[in-house]
Amino acid sequence: GQEYDTSKLKYDVVRYPEEITVASGITDTVFTETHGSDLLRYYYVVYSCNDTLRTKGVVSNAVVVGSPLYPPYGGVFTTIGDMYNYYTVLDENNDNYTWLYDTETGAAFYPYNWAQGANDWLISPPIRYDAGAPYQLVFSTFSTSSDYPESMLVTLGKSKKPEGQTDVLLDLPTVPAQEDDGSITTYTLDFTVPQTGVYYYGLKAYSKEYQDYLF
């Protein structure tokens with residue numbers, strides 16, 4: 001092939017989810033910008049350009065930034081963006097089996113790993129709570145098989161990192177399976193916070209290996 005002239009190397013930067021080109025033809029390998037206050041999950045694709053040639057883009061890590069939400073927060077996943085643009089998914093055991101979005105049911109689910117137990121978190125967006133005020137966390141969950149039940153922990157904390165999820169709201173060593181009539185169990189958890197501020201609730205799948213699916 002032809003010799004590559006690095007003096008002509010430039011970069012284009014595209015921001016998602018809006019798919020907006022935020023930098024074009026820059027030579028610096030550092031790019032910064034200021035985001036608005038709306039809470040959203042952002043990631044970037046960086047393209048190397050040489051004259052008219054544009055290479056395949058490299059995708060950055062994704063981050064959720066913006067002002068915290070205020071209750072009541074519905075938390076319903078109408079679209080895939082409602083999950084990934086607000087919630088943080090953590091594959092803590094790095095086995096590439098973690099929380100995903102199911103387009104058919106509009107729900108988050110954890111797929112089992114046949115060889116390794118789960119250690120996977122789905123953590124809410126930042127929500128501001130007032131000290132002493134009564135709150136409720138309402139959600140439905142089920143295992144897809146009563147023979148292979150899943151396990152899940154529901155937590156609350158001041159950080160979206162696992163070590164910051166300090167309060168256990170509910171421990172479900174055996175998540176009930178869906179009933180024959182299609183009904184599933186709904187849980188209502190009452191809680192308060194000791195200090196006014198921003199908190200996150202978390203859903204941790206900790207099922208043993210070779211189970212089934214957790215919704």
# chains A, B, ... in the order shown; residues from 1 in each chain; ligands from 1
$ residues_around --residues "Asp130 (chain A)" --least-positions-apart "4" --cutoff "12 Å" --atoms "only C-alpha atoms" --output "list in words"
Tyr70, Pro71, Pro134, Tyr135, Phe191, Thr192, Val193, Pro194, Gln195, Thr196, Gly197, Val198 and Tyr199 of chain A
$ residues_around --residues "Pro173 (chain A)" --least-positions-apart "2" --cutoff "10 Å" --atoms "only C-alpha atoms" --output "ChimeraX atom specification"
/A:149-153,170-171,175-176,205-207
$ write_last_selection --atoms "N, CA and C atoms" --output "JSON list (two decimals), in the first residue's frame"
[["chain", "number", "residue", "atom", "x", "y", "z"],
["A", 149, "PRO", "N", -34.49, -21.25, 39.69],
["A", 149, "PRO", "CA", -34.83, -19.89, 40.17],
["A", 149, "PRO", "C", -33.61, -18.98, 40.25],
["A", 150, "GLU", "N", -33.88, -17.72, 40.03],
["A", 150, "GLU", "CA", -32.84, -16.70, 40.10],
["A", 150, "GLU", "C", -32.79, -16.08, 41.50],
["A", 151, "SER", "N", -31.73, -15.31, 41.75],
["A", 151, "SER", "CA", -31.57, -14.61, 43.03],
["A", 151, "SER", "C", -31.28, -13.14, 42.76],
["A", 152, "MET", "N", -31.90, -12.25, 43.56],
["A", 152, "MET", "CA", -31.73, -10.82, 43.33],
["A", 152, "MET", "C", -31.75, -10.05, 44.64],
["A", 153, "LEU", "N", -30.93, -9.03, 44.69],
["A", 153, "LEU", "CA", -30.85, -8.13, 45.83],
["A", 153, "LEU", "C", -31.29, -6.74, 45.39],
["A", 170, "LEU", "N", -34.37, -5.33, 50.03],
["A", 170, "LEU", "CA", -35.01, -6.64, 49.88],
["A", 170, "LEU", "C", -33.99, -7.63, 49.35],
["A", 171, "ASP", "N", -34.00, -8.82, 49.93],
["A", 171, "ASP", "CA", -33.16, -9.91, 49.45],
["A", 171, "ASP", "C", -34.08, -11.04, 48.99],
["A", 175, "VAL", "N", -36.22, -15.96, 43.47],
["A", 175, "VAL", "CA", -37.21, -15.10, 42.80],
["A", 175, "VAL", "C", -38.32, -15.99, 42.25],
["A", 176, "PRO", "N", -39.59, -15.75, 42.63],
["A", 176, "PRO", "CA", -40.69, -16.61, 42.17],
["A", 176, "PRO", "C", -40.80, -16.65, 40.66],
["A", 205, "ALA", "N", -28.27, -9.03, 40.41],
["A", 205, "ALA", "CA", -28.46, -10.46, 40.15],
["A", 205, "ALA", "C", -27.28, -11.21, 40.75],
["A", 206, "TYR", "N", -27.59, -12.18, 41.63],
["A", 206, "TYR", "CA", -26.50, -12.97, 42.21],
["A", 206, "TYR", "C", -26.82, -14.47, 42.13],
["A", 207, "SER", "N", -27.54, -14.84, 41.09],
["A", 207, "SER", "CA", -27.92, -16.24, 40.88],
["A", 207, "SER", "C", -26.69, -17.13, 40.73]]
$ residues_around --residues "region 22-36 of chain A" --least-positions-apart "5" --cutoff "7 Å" --atoms "only C-alpha atoms" --output "PDB file with all heavy atoms, in the first residue's frame"
ATOM      1  N   LEU A   9      -3.103  13.630   9.294  1.00  0.00           N
ATOM      2  CA  LEU A   9      -4.046  12.922  10.138  1.00  0.00           C
ATOM      3  C   LEU A   9      -4.905  13.899  10.952  1.00  0.00           C
ATOM      4  O   LEU A   9      -4.379  14.759  11.660  1.00  0.00           O
ATOM      5  CB  LEU A   9      -3.301  11.982  11.094  1.00  0.00           C
ATOM      6  CG  LEU A   9      -4.154  11.118  12.018  1.00  0.00           C
ATOM      7  CD1 LEU A   9      -5.053  10.190  11.205  1.00  0.00           C
ATOM      8  CD2 LEU A   9      -3.270  10.321  12.964  1.00  0.00           C
ATOM      9  N   LYS A  10      -6.207  13.732  10.853  1.00  0.00           N
ATOM     10  CA  LYS A  10      -7.152  14.548  11.614  1.00  0.00           C
ATOM     11  C   LYS A  10      -8.253  13.644  12.165  1.00  0.00           C
ATOM     12  O   LYS A  10      -8.336  12.465  11.820  1.00  0.00           O
ATOM     13  CB  LYS A  10      -7.752  15.646  10.731  1.00  0.00           C
ATOM     14  CG  LYS A  10      -6.718  16.664  10.233  1.00  0.00           C
ATOM     15  CD  LYS A  10      -7.350  17.740   9.373  1.00  0.00           C
ATOM     16  CE  LYS A  10      -6.291  18.714   8.875  1.00  0.00           C
ATOM     17  NZ  LYS A  10      -6.872  19.787   8.017  1.00  0.00           N
ATOM     18  N   TYR A  11      -9.100  14.221  13.035  1.00  0.00           N
ATOM     19  CA  TYR A  11     -10.117  13.420  13.701  1.00  0.00           C
ATOM     20  C   TYR A  11     -11.485  14.098  13.616  1.00  0.00           C
ATOM     21  O   TYR A  11     -11.597  15.328  13.724  1.00  0.00           O
ATOM     22  CB  TYR A  11      -9.762  13.206  15.179  1.00  0.00           C
ATOM     23  CG  TYR A  11      -8.415  12.558  15.388  1.00  0.00           C
ATOM     24  CD1 TYR A  11      -7.293  13.336  15.674  1.00  0.00           C
ATOM     25  CD2 TYR A  11      -8.265  11.182  15.287  1.00  0.00           C
ATOM     26  CE1 TYR A  11      -6.053  12.752  15.860  1.00  0.00           C
ATOM     27  CE2 TYR A  11      -7.021  10.579  15.475  1.00  0.00           C
ATOM     28  CZ  TYR A  11      -5.921  11.374  15.767  1.00  0.00           C
ATOM     29  OH  TYR A  11      -4.696  10.801  15.938  1.00  0.00           O
ATOM     30  N   ASP A  12     -12.495  13.268  13.444  1.00  0.00           N
ATOM     31  CA  ASP A  12     -13.883  13.699  13.570  1.00  0.00           C
ATOM     32  C   ASP A  12     -14.475  13.010  14.795  1.00  0.00           C
ATOM     33  O   ASP A  12     -14.204  11.829  15.044  1.00  0.00           O
ATOM     34  CB  ASP A  12     -14.713  13.309  12.338  1.00  0.00           C
ATOM     35  CG  ASP A  12     -14.314  14.093  11.094  1.00  0.00           C
ATOM     36  OD1 ASP A  12     -13.593  15.099  11.226  1.00  0.00           O
ATOM     37  OD2 ASP A  12     -14.717  13.670   9.988  1.00  0.00           O
ATOM     38  N   VAL A  13     -15.285  13.760  15.556  1.00  0.00           N
ATOM     39  CA  VAL A  13     -15.894  13.225  16.771  1.00  0.00           C
ATOM     40  C   VAL A  13     -17.405  13.369  16.662  1.00  0.00           C
ATOM     41  O   VAL A  13     -17.917  14.472  16.430  1.00  0.00           O
ATOM     42  CB  VAL A  13     -15.380  13.963  18.030  1.00  0.00           C
ATOM     43  CG1 VAL A  13     -15.999  13.345  19.285  1.00  0.00           C
ATOM     44  CG2 VAL A  13     -13.858  13.918  18.102  1.00  0.00           C
ATOM     45  N   VAL A  14     -18.114  12.248  16.836  1.00  0.00           N
ATOM     46  CA  VAL A  14     -19.573  12.245  16.757  1.00  0.00           C
ATOM     47  C   VAL A  14     -20.135  11.830  18.108  1.00  0.00           C
ATOM     48  O   VAL A  14     -19.715  10.816  18.682  1.00  0.00           O
ATOM     49  CB  VAL A  14     -20.072  11.285  15.660  1.00  0.00           C
ATOM     50  CG1 VAL A  14     -21.596  11.296  15.590  1.00  0.00           C
ATOM     51  CG2 VAL A  14     -19.477  11.664  14.312  1.00  0.00           C
ATOM     52  N   ARG A  15     -21.090  12.612  18.629  1.00  0.00           N
ATOM     53  CA  ARG A  15     -21.693  12.330  19.929  1.00  0.00           C
ATOM     54  C   ARG A  15     -23.037  11.635  19.748  1.00  0.00           C
ATOM     55  O   ARG A  15     -23.862  12.047  18.929  1.00  0.00           O
ATOM     56  CB  ARG A  15     -21.895  13.637  20.717  1.00  0.00           C
ATOM     57  CG  ARG A  15     -22.409  13.410  22.145  1.00  0.00           C
ATOM     58  CD  ARG A  15     -22.644  14.726  22.856  1.00  0.00           C
ATOM     59  NE  ARG A  15     -23.773  15.446  22.291  1.00  0.00           N
ATOM     60  CZ  ARG A  15     -23.808  16.772  22.116  1.00  0.00           C
ATOM     61  NH1 ARG A  15     -22.782  17.516  22.443  1.00  0.00           N
ATOM     62  NH2 ARG A  15     -24.891  17.342  21.599  1.00  0.00           N
ATOM     63  N   GLY A  66     -25.802  14.725  33.939  1.00  0.00           N
ATOM     64  CA  GLY A  66     -26.926  15.644  33.990  1.00  0.00           C
ATOM     65  C   GLY A  66     -27.451  15.802  35.402  1.00  0.00           C
ATOM     66  O   GLY A  66     -26.959  15.165  36.342  1.00  0.00           O
TER      67      GLY A  66
END
$ select_by_dssp --residues "region 26-167 of chain A" --states "helix (DSSP H, G or I)" --output "PDB file with all heavy atoms, in the first residue's frame"
ATOM      1  N   ILE A  80     -35.692   1.015  24.398  1.00  0.00           N
ATOM      2  CA  ILE A  80     -34.378   0.596  24.856  1.00  0.00           C
ATOM      3  C   ILE A  80     -33.581   1.770  25.425  1.00  0.00           C
ATOM      4  O   ILE A  80     -32.793   1.624  26.350  1.00  0.00           O
ATOM      5  CB  ILE A  80     -33.599  -0.088  23.705  1.00  0.00           C
ATOM      6  CG1 ILE A  80     -32.316  -0.736  24.231  1.00  0.00           C
ATOM      7  CG2 ILE A  80     -33.327   0.879  22.566  1.00  0.00           C
ATOM      8  CD1 ILE A  80     -31.626  -1.599  23.196  1.00  0.00           C
ATOM      9  N   GLY A  81     -33.853   2.973  24.898  1.00  0.00           N
ATOM     10  CA  GLY A  81     -33.169   4.161  25.395  1.00  0.00           C
ATOM     11  C   GLY A  81     -33.544   4.494  26.829  1.00  0.00           C
ATOM     12  O   GLY A  81     -32.738   5.054  27.571  1.00  0.00           O
ATOM     13  N   ASP A  82     -34.775   4.138  27.245  1.00  0.00           N
ATOM     14  CA  ASP A  82     -35.198   4.408  28.619  1.00  0.00           C
ATOM     15  C   ASP A  82     -34.364   3.616  29.619  1.00  0.00           C
ATOM     16  O   ASP A  82     -34.232   4.018  30.772  1.00  0.00           O
ATOM     17  CB  ASP A  82     -36.677   4.055  28.796  1.00  0.00           C
ATOM     18  CG  ASP A  82     -37.592   4.977  28.023  1.00  0.00           C
ATOM     19  OD1 ASP A  82     -37.223   6.132  27.809  1.00  0.00           O
ATOM     20  OD2 ASP A  82     -38.681   4.520  27.622  1.00  0.00           O
ATOM     21  N   MET A  83     -33.822   2.496  29.184  1.00  0.00           N
ATOM     22  CA  MET A  83     -32.956   1.717  30.059  1.00  0.00           C
ATOM     23  C   MET A  83     -31.512   2.196  29.979  1.00  0.00           C
ATOM     24  O   MET A  83     -30.912   2.608  30.973  1.00  0.00           O
ATOM     25  CB  MET A  83     -33.043   0.228  29.706  1.00  0.00           C
ATOM     26  CG  MET A  83     -32.073  -0.641  30.493  1.00  0.00           C
ATOM     27  SD  MET A  83     -32.329  -2.396  30.157  1.00  0.00           S
ATOM     28  CE  MET A  83     -30.789  -3.081  30.770  1.00  0.00           C
ATOM     29  N   TYR A  84     -30.954   2.167  28.778  1.00  0.00           N
ATOM     30  CA  TYR A  84     -29.517   2.436  28.641  1.00  0.00           C
ATOM     31  C   TYR A  84     -29.155   3.909  28.781  1.00  0.00           C
ATOM     32  O   TYR A  84     -28.015   4.229  29.102  1.00  0.00           O
ATOM     33  CB  TYR A  84     -29.011   1.893  27.308  1.00  0.00           C
ATOM     34  CG  TYR A  84     -28.940   0.387  27.272  1.00  0.00           C
ATOM     35  CD1 TYR A  84     -29.799  -0.339  26.456  1.00  0.00           C
ATOM     36  CD2 TYR A  84     -28.035  -0.303  28.063  1.00  0.00           C
ATOM     37  CE1 TYR A  84     -29.747  -1.728  26.420  1.00  0.00           C
ATOM     38  CE2 TYR A  84     -27.972  -1.693  28.035  1.00  0.00           C
ATOM     39  CZ  TYR A  84     -28.825  -2.390  27.221  1.00  0.00           C
ATOM     40  OH  TYR A  84     -28.767  -3.765  27.189  1.00  0.00           O
ATOM     41  N   PRO A 162     -21.069  -0.482  43.278  1.00  0.00           N
ATOM     42  CA  PRO A 162     -21.586  -1.510  44.195  1.00  0.00           C
ATOM     43  C   PRO A 162     -21.260  -1.248  45.656  1.00  0.00           C
ATOM     44  O   PRO A 162     -22.104  -1.456  46.533  1.00  0.00           O
ATOM     45  CB  PRO A 162     -20.915  -2.795  43.685  1.00  0.00           C
ATOM     46  CG  PRO A 162     -20.717  -2.541  42.230  1.00  0.00           C
ATOM     47  CD  PRO A 162     -20.371  -1.076  42.129  1.00  0.00           C
ATOM     48  N   GLU A 163     -20.045  -0.775  45.938  1.00  0.00           N
ATOM     49  CA  GLU A 163     -19.669  -0.531  47.330  1.00  0.00           C
ATOM     50  C   GLU A 163     -20.454   0.626  47.947  1.00  0.00           C
ATOM     51  O   GLU A 163     -20.516   0.764  49.174  1.00  0.00           O
ATOM     52  CB  GLU A 163     -18.171  -0.252  47.450  1.00  0.00           C
ATOM     53  CG  GLU A 163     -17.660   0.905  46.617  1.00  0.00           C
ATOM     54  CD  GLU A 163     -17.189   0.514  45.239  1.00  0.00           C
ATOM     55  OE1 GLU A 163     -17.647  -0.541  44.723  1.00  0.00           O
ATOM     56  OE2 GLU A 163     -16.365   1.250  44.663  1.00  0.00           O
ATOM     57  N   GLY A 164     -21.075   1.454  47.104  1.00  0.00           N
ATOM     58  CA  GLY A 164     -21.884   2.553  47.605  1.00  0.00           C
ATOM     59  C   GLY A 164     -23.334   2.188  47.836  1.00  0.00           C
ATOM     60  O   GLY A 164     -24.114   2.990  48.355  1.00  0.00           O
TER      61      GLY A 164
END
$ closest_residue --among "A:Ala62, A:Val154, A:Leu169, A:Ile184" --to "Trp121 (chain A)" --atoms "only C-alpha atoms"
A:Val154
$ closest_residue --among "A:Thr186, A:Asn96, A:Thr79, A:Thr144" --to "Ala115 (chain A)" --atoms "only C-alpha atoms"
A:Asn96
$ select_by_dssp --residues "chain A" --states "strand (DSSP E or B)" --output "number ranges by chain"
A: 9-16, 20-26, 40-50, 53-54, 58-59, 63-65, 69, 88-91, 100-102, 107-111, 120-123, 127-129, 135-141, 143, 152-157, 167-172, 177, 185-191, 197-205, 213-214
$ closest_residue --among "A:Gln211, A:Ser7, A:Ser140, A:Ser37" --to "Val76 (chain A)" --atoms "only C-alpha atoms"
A:Ser140
$ atom_distance --atom1 "CA of Val59 (chain A)" --atom2 "CA of Tyr44 (chain A)"
5.9 Å
$ atom_distance --atom1 "CA of Thr155 (chain A)" --atom2 "CA of Lys208 (chain A)"
19.2 Å
$ closest_residue --among "A:Thr21, A:Ser143, A:Thr78, A:Ser67" --to "Ser183 (chain A)" --atoms "only C-alpha atoms"
A:Ser143
$ closest_residue --among "A:Asn85, A:Leu214, A:Arg54, A:Lys160" --to "Pro17 (chain A)" --atoms "only C-alpha atoms"
A:Asn85
$ residues_around --residues "Thr188 (chain A)" --least-positions-apart "2" --cutoff "8 Å" --atoms "only C-alpha atoms" --output "PyMOL selection string"
chain A and resi 136-139+186+190
$ atom_distance --atom1 "CA of Ser48 (chain A)" --atom2 "CA of Val64 (chain A)"
25.4 Å
$ residues_around --residues "Val65 (chain A)" --least-positions-apart "5" --cutoff "7 Å" --atoms "only C-alpha atoms" --output "PyMOL selection string"
chain A and resi 39-41
$ write_last_selection --atoms "all heavy atoms" --output "tab-separated table (two decimals), in the first residue's frame"
chain	number	residue	atom	x	y	z
A	39	LEU	N	-30.62	14.91	32.04
A	39	LEU	CA	-29.96	13.64	32.30
A	39	LEU	C	-30.00	12.76	31.06
A	39	LEU	O	-31.06	12.51	30.50
A	39	LEU	CB	-30.64	12.94	33.47
A	39	LEU	CG	-29.92	11.71	34.02
A	39	LEU	CD1	-28.64	12.12	34.76
A	39	LEU	CD2	-30.84	10.94	34.97
A	40	LEU	N	-28.84	12.29	30.64
A	40	LEU	CA	-28.77	11.48	29.43
A	40	LEU	C	-27.47	10.68	29.42
A	40	LEU	O	-26.48	11.08	30.03
A	40	LEU	CB	-28.84	12.37	28.18
A	40	LEU	CG	-29.18	11.70	26.85
A	40	LEU	CD1	-30.55	11.02	26.91
A	40	LEU	CD2	-29.15	12.71	25.71
A	41	ARG	N	-27.50	9.57	28.72
A	41	ARG	CA	-26.31	8.72	28.55
A	41	ARG	C	-25.63	9.11	27.24
A	41	ARG	O	-26.25	9.10	26.18
A	41	ARG	CB	-26.71	7.25	28.50
A	41	ARG	CG	-25.59	6.28	28.16
A	41	ARG	CD	-26.17	4.87	28.15
A	41	ARG	NE	-25.22	3.86	27.75
A	41	ARG	CZ	-25.08	3.40	26.51
A	41	ARG	NH1	-25.82	3.90	25.54
A	41	ARG	NH2	-24.21	2.44	26.25
$ residues_around --residues "Asn94 (chain A)" --least-positions-apart "6" --cutoff "12 Å" --atoms "only C-alpha atoms" --output "ChimeraX atom specification"
/A:113,116-121
$ closest_residue --among "A:Ser124, A:Thr88, A:Thr105, A:Asn61" --to "Leu156 (chain A)" --atoms "only C-alpha atoms"
A:Ser124
$ residues_around --residues "region 97-101 of chain A" --least-positions-apart "5" --cutoff "6 Å" --atoms "only C-alpha atoms" --output "PyMOL selection string"
chain A and resi 91+107-110+120
$ decode --residues "region 19-35 of chain A" --atoms "N, CA, C and O atoms" --output "compact mmCIF listing (two decimals), in the first residue's frame"
# COMPACT_ATOMS: atom_id res chain seq x y z
N GLU A 19 -26.32 11.58 17.61
CA GLU A 19 -25.54 11.42 16.37
C GLU A 19 -25.20 12.78 15.77
O GLU A 19 -25.47 13.06 14.60
N ILE A 20 -24.58 13.62 16.60
CA ILE A 20 -24.18 14.97 16.20
C ILE A 20 -22.66 15.03 16.09
O ILE A 20 -21.95 14.60 17.00
N THR A 21 -22.15 15.58 15.00
CA THR A 21 -20.71 15.80 14.86
C THR A 21 -20.33 17.01 15.70
O THR A 21 -20.75 18.14 15.41
N VAL A 22 -19.57 16.78 16.75
CA VAL A 22 -19.20 17.85 17.68
C VAL A 22 -17.80 18.37 17.43
O VAL A 22 -17.40 19.40 17.99
N ALA A 23 -17.03 17.69 16.61
CA ALA A 23 -15.70 18.17 16.22
C ALA A 23 -15.36 17.57 14.87
O ALA A 23 -15.63 16.40 14.60
N SER A 24 -14.77 18.39 14.00
CA SER A 24 -14.45 17.93 12.65
C SER A 24 -13.07 18.45 12.25
O SER A 24 -12.78 19.65 12.38
N GLY A 25 -12.22 17.54 11.80
CA GLY A 25 -10.92 17.93 11.30
C GLY A 25 -9.96 18.43 12.36
O GLY A 25 -9.07 19.22 12.07
N ILE A 26 -10.12 17.97 13.61
CA ILE A 26 -9.21 18.42 14.67
C ILE A 26 -7.94 17.56 14.66
O ILE A 26 -7.95 16.41 14.22
N THR A 27 -6.86 18.12 15.15
CA THR A 27 -5.59 17.39 15.21
C THR A 27 -5.24 16.99 16.64
O THR A 27 -4.41 16.11 16.84
N ASP A 28 -5.87 17.63 17.61
CA ASP A 28 -5.61 17.31 19.01
C ASP A 28 -6.25 15.97 19.35
O ASP A 28 -7.32 15.63 18.84
N THR A 29 -5.62 15.19 20.21
CA THR A 29 -6.18 13.90 20.63
C THR A 29 -7.01 14.01 21.91
O THR A 29 -7.39 13.01 22.50
N VAL A 30 -7.27 15.24 22.36
CA VAL A 30 -8.12 15.50 23.52
C VAL A 30 -9.27 16.39 23.08
O VAL A 30 -9.07 17.43 22.44
N PHE A 31 -10.51 15.98 23.43
CA PHE A 31 -11.68 16.78 23.11
C PHE A 31 -12.54 16.91 24.35
O PHE A 31 -12.80 15.92 25.05
N THR A 32 -12.98 18.11 24.66
CA THR A 32 -13.87 18.34 25.81
C THR A 32 -15.04 19.21 25.36
O THR A 32 -14.94 19.99 24.41
N GLU A 33 -16.16 19.03 26.07
CA GLU A 33 -17.33 19.87 25.84
C GLU A 33 -18.18 19.89 27.10
O GLU A 33 -18.01 19.05 27.99
N THR A 34 -19.07 20.85 27.17
CA THR A 34 -19.97 21.00 28.33
C THR A 34 -21.36 20.52 27.94
O THR A 34 -21.90 20.91 26.90
N HIS A 35 -21.95 19.67 28.79
CA HIS A 35 -23.29 19.16 28.53
C HIS A 35 -24.34 19.99 29.26
O HIS A 35 -24.05 20.67 30.24
